[in-house]
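> Here it is: the structure, laid out below.
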There are 4 protein chains.
Amino acid sequence: MKKVEGIIAATFSTFNQQGELDLSLISPVVEKLIGDGVKGVFICGTNGEGLSLSIEERMAIAETYVKVVNKRILVFVHVGHSSLKECKKLAAHAQQIGADAISSVSAFYFKPSSVGNLVDCMAEIASAAPLLPFYYYHMPALTGIAIDMLEFLKLAETKIPNLAGIKYTATTMHEFQSCLHYKQGKYDILYGYDEMLLTALSVGAKGAIGSTYSFAAPLYLKIIDLFKQGRIEEAGAVQYESIQMIRALVKYSPIPTQKKIIGFLGYDLGPCRLPLTALSREQENELKQYLEEVRFF
Amino acid sequence: MKKVEGIIAATFSTFNQQGELDLSLISPVVEKLIGDGVKGVFICGTNGEGLSLSIEERMAIAETYVKVVNKRILVFVHVGHSSLKECKKLAAHAQQIGADAISSVSAFYFKPSSVGNLVDCMAEIASAAPLLPFYYYHMPALTGIAIDMLEFLKLAETKIPNLAGIKYTATTMHEFQSCLHYKQGKYDILYGYDEMLLTALSVGAKGAIGSTYSFAAPLYLKIIDLFKQGRIEEAGAVQYESIQMIRALVKYSPIPTQKKIIGFLGYDLGPCRLPLTALSREQENELKQYLEEVRFF
Amino acid sequence: MKKVEGIIAATFSTFNQQGELDLSLISPVVEKLIGDGVKGVFICGTNGEGLSLSIEERMAIAETYVKVVNKRILVFVHVGHSSLKECKKLAAHAQQIGADAISSVSAFYFKPSSVGNLVDCMAEIASAAPLLPFYYYHMPALTGIAIDMLEFLKLAETKIPNLAGIKYTATTMHEFQSCLHYKQGKYDILYGYDEMLLTALSVGAKGAIGSTYSFAAPLYLKIIDLFKQGRIEEAGAVQYESIQMIRALVKYSPIPTQKKIIGFLGYDLGPCRLPLTALSREQENELKQYLEEVRFF
Amino acid sequence: MKKVEGIIAATFSTFNQQGELDLSLISPVVEKLIGDGVKGVFICGTNGEGLSLSIEERMAIAETYVKVVNKRILVFVHVGHSSLKECKKLAAHAQQIGADAISSVSAFYFKPSSVGNLVDCMAEIASAAPLLPFYYYHMPALTGIAIDMLEFLKLAETKIPNLAGIKYTATTMHEFQSCLHYKQGKYDILYGYDEMLLTALSVGAKGAIGSTYSFAAPLYLKIIDLFKQGRIEEAGAVQYESIQMIRALVKYSPIPTQKKIIGFLGYDLGPCRLPLTALSREQENELKQYLEEVRFF
């Protein structure tokens, strides 16, 4: 697989009103995303509530995406789980059904004690899908694991033959840049905070994975386009639009808020699962009004 | 079920040398524990690497314990999981096979945003085993969730009909004492740090759940006995023996170290699973020497 | 100086309505405390807003306490400061004016990088008052420095000739107990959380320093007395009264709330300094009502 | 004062071998910095060990800088202190001696409880130097205070007449960008992490304050120059040189390491004060070798 250039949408869960899986909702989402110009989907990650799903549900979702996408864009399957044994099942399944890549967060109940320990865990997962590229999913804000990613690359390089790169979801751009430069760009380092996409581009990012790419991809493609043309200040103005929108997500609970926004746009993907909770009616109204004020719609 | 008086052992995983489940190792452990005078076992918890196991493994372990124990002592099944859906499966299974109680940690990937949210999550789990007493497993050091347990009790009381109490694994003894006093002792608040058992007794604890009760129960029963006789200073001297032993656990990695100690005592329960790692040979020797110095053996 | 047996009151700042020092308020406080049976005062600490005062103010307060107390009870002067140079000035001054002991928190802007570094800092401070006993003030919740106190004692023993002990303000009672046991009780380890006094007694504490001893000393002396008589359950009941009162402090801002309580008792010590802020009128009323409900008055 | 365009050097303490202030070392540093093209100095901040100095030392340093600089570049005086009373003394002094601006970190022993509380604290400090522009020094990694800076601006705007902007030392570039955009750029938001300068430029930064500008200003001026010319990739290559150098700082203790580097360059500014400690001889050699490898010299 070549390095990713462009944006990959971290998709949302698709539930019916009872909170049970509704796989029929996936197809319209995929068509919209392909129409919007994304290069791939990242499924069952944080944003997709992967850790709130059962193994069987995760496999069913992966199968549906692979089938619906039908090789038109990339399908990244997140296989992270508190049990490495379950991670490996999910990884092997992803390879078997024809996904394009796998990715995993660190163990997060027992936390890795060192970079070596983290690499050993990831090596075990990656080994279960040896034909697929493996991306480590770095997200210290959620997992509490802030191991230096440059050290990770140096060690993982020797132990994970199918290591492809990192989904880098952190604000430490100097470390991100170091990973991009490592061995003249040997690895594919995809950036994970949509509200900082422009800063990532400025230090050399070519690809990104993010949740708001699921419903606002054109905004970000414009940032990339303006950046490529050297029109940085204009790119900044578009990025600022994204930042204003994202301030609303953070004000409430980010994932349910985004599912609500995607609902405003005509795609009702159902509620979230506990511990995530829906916005109140009042919050929904506030959100809508705010998004109108910042001209998101 | 009456409140627990005495100690419950948080048991360890039992693996063969390949790290696969070996259920045959459970029986000798249970016989030892019954001989030692413990009142129950707490299985598939933190100490038992419950979150590193698959659902199927967890069910197999629960079935084996229930069968081997055969009602001689209590069997608490930990059903915590990042997915509430999986928690509920484990809870329903525990009820069906005849376990005595269930317990669960908070969601820990997405963290509860409030006491209300935590109660809602626990209510969902508890509802899947309505005939069993439910104990919330409070362990902020590992989960990062430090919600006030008195507020939890006040709210959970109205929403979880089968709420029995809390496995309270934190050092905030004033809050622990408040929970013990709540409604003249309505709930069963079991203490979770073995090295602080005496402090828990001093504020009214009657029961405790802990990992070192798996291999050093007599030490702690002596503390309880001396405390009941009003011989506090002597109880303190025995507690200090426990503290010295536990300093060794914390120096290395606590769970693998304890599995090694139980191995020294003649029960080889196999390795741990990643991300936990075995002690080096040198650390093993150091550990043995240290335990001899503090006269643990 | 012998080890402290009993309780030491961590006193509050005494300001006029403009927030400027009013030294005349110190004398009535001291008389009340002596009447209440405390064994000493701990001045210019966290509770006394020592870090919000200027050096000159701290020296003036120390001089006033030493003079007013006039050797009837002990005067501990807290000399902690972000600048070790200033700590040393305060330490030398405390010795010169006839204080009984000095104490210091760790550096807290730049944080010590190791136990060795912490000991070196404390050694420098202690050396400026070589004739006074030095107590390290351990308070990880505020300073963020959670260095193992047993390791601290082992190293400080060799480097701080006038080391007397620790003001131990943390809930890790096993470590507290280890410090009490170190070299058969060589050091004076004074406990710092009033709401956990009974747990400290149960593992061997003889002395304690705390803020609520400034206005509720009789309650705690009763705990100690009951404990000594072996009436632990009754001691627990009194401790629970203290816990209920302290829940009110924590609900609002602890230090301003306590200054308000001491005001209710007839000692108006003025406002706090920013960043601490006064309770609103509504909060004051709520507080009063709550304290009446839990029968504090 | 107009907004700052360019870089301001956060200077180091200047001590003799005994760790006492040596004001004579300031003049050569200033001449070097002016020669290097910096627009100003930021004195007695984190990098300058301001919090490890006495008030008298801080005033003496400020006076020396103002005199030596003699209006050729800007002098920012950091006046942060755990005591607001002392902050105000330092602020008034800075105004009186003719400094160009003042700046302060948040209170950091007692931490502000809300944005309103933080603004009230900063308003009090700023009011003591009403003729000077005031910059809030935001540095959550050190102070632990991560209040939203956009909310800060909105509130501070109404309460601090001489508010000029923020020294923004955090990696949250979306929030940084929001501050830059606030009211069409009403405030001067200076960026504080040298290793992320390019990312700051990409979202609109015009000025920056940092420690490595004290000895490597030309490197950063090149980044700014290339960026202005639209040669982003080349700017990234130079930024990467900076990142590699800064990795060495972080490996050891950043401030002593930088004082050592400035020593390699011919400016011996003496040791640091505790709790900071000098590099070992071995670390010095390692550092030198590393800097040669990454071609810093």
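Scheme for the structure tokens: letters A, B, ... for chains in order shown; per-chain residue numbers from 1; ligand numbers from 1 in order shown.
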What residues in chain D have any atom no more than 9 Å from chain A when counting only C-alpha atoms, and can you write them as a PyMOL selection string?

chain D and resi 171-175+177-178+181+195-196+198-204+230-233+235-237+239-240+243-244

> According to DSSP computed on the backbone, where in range 139-184 of chain A is there helix (DSSP H, G or I)? Give the residues as an MDAnalysis selection string.

chainID A and resid 140:143 149:159 173:184

> Can you list, as a list in words, every protein, DNA or RNA residue that comes within 9 Å of Leu274 in chain C when you count only C-alpha atoms, leaving out same-chain residues fewer than 6 positions away?

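What passes the distance filter is Ser52 of chain C; Ser83, Leu84, Ala107, Phe110, Pro112, Asn117, Asp120 and Cys121 of chain D.
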
> Could you write those residues out with N, CA, C and O atoms, as a tab-separated table (two decimals), in the first residue's frame?


```tsv
chain	number	residue	atom	x	y	z
C	52	SER	N	1.06	33.05	49.84
C	52	SER	CA	0.43	34.26	49.30
C	52	SER	C	0.92	35.50	50.04
C	52	SER	O	0.48	36.62	49.74
D	83	SER	N	2.93	34.79	45.50
D	83	SER	CA	2.22	35.83	46.23
D	83	SER	C	1.88	37.00	45.30
D	83	SER	O	2.78	37.64	44.75
D	84	LEU	N	0.61	37.31	45.16
D	84	LEU	CA	0.21	38.44	44.30
D	84	LEU	C	0.79	39.75	44.81
D	84	LEU	O	1.05	40.66	44.03
D	107	ALA	N	-1.09	32.18	39.33
D	107	ALA	CA	-0.75	31.61	40.63
D	107	ALA	C	-0.58	30.11	40.45
D	107	ALA	O	-1.30	29.51	39.65
D	110	PHE	N	-1.66	27.73	45.15
D	110	PHE	CA	-3.11	27.61	45.03
D	110	PHE	C	-3.41	27.87	43.57
D	110	PHE	O	-3.01	28.90	43.02
D	112	PRO	N	-5.81	28.73	40.28
D	112	PRO	CA	-7.09	29.39	40.00
D	112	PRO	C	-8.18	28.35	39.77
D	112	PRO	O	-7.96	27.32	39.14
D	117	ASN	N	-11.56	33.59	38.15
D	117	ASN	CA	-10.59	33.71	39.23
D	117	ASN	C	-9.20	34.03	38.66
D	117	ASN	O	-8.47	34.88	39.20
D	120	ASP	N	-9.19	37.66	37.63
D	120	ASP	CA	-9.10	38.54	38.80
D	120	ASP	C	-7.67	38.64	39.31
D	120	ASP	O	-7.20	39.72	39.66
D	121	CYS	N	-6.98	37.51	39.35
D	121	CYS	CA	-5.58	37.51	39.79
D	121	CYS	C	-4.71	38.35	38.86
D	121	CYS	O	-3.91	39.18	39.30
```

> Which distance in Å separates CA of Gly185 in chain D and CA of Leu150 in chain D, to one decimal?

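Answer for the CA of Gly185 in chain D to CA of Leu150 in chain D separation: 12.1 Å.
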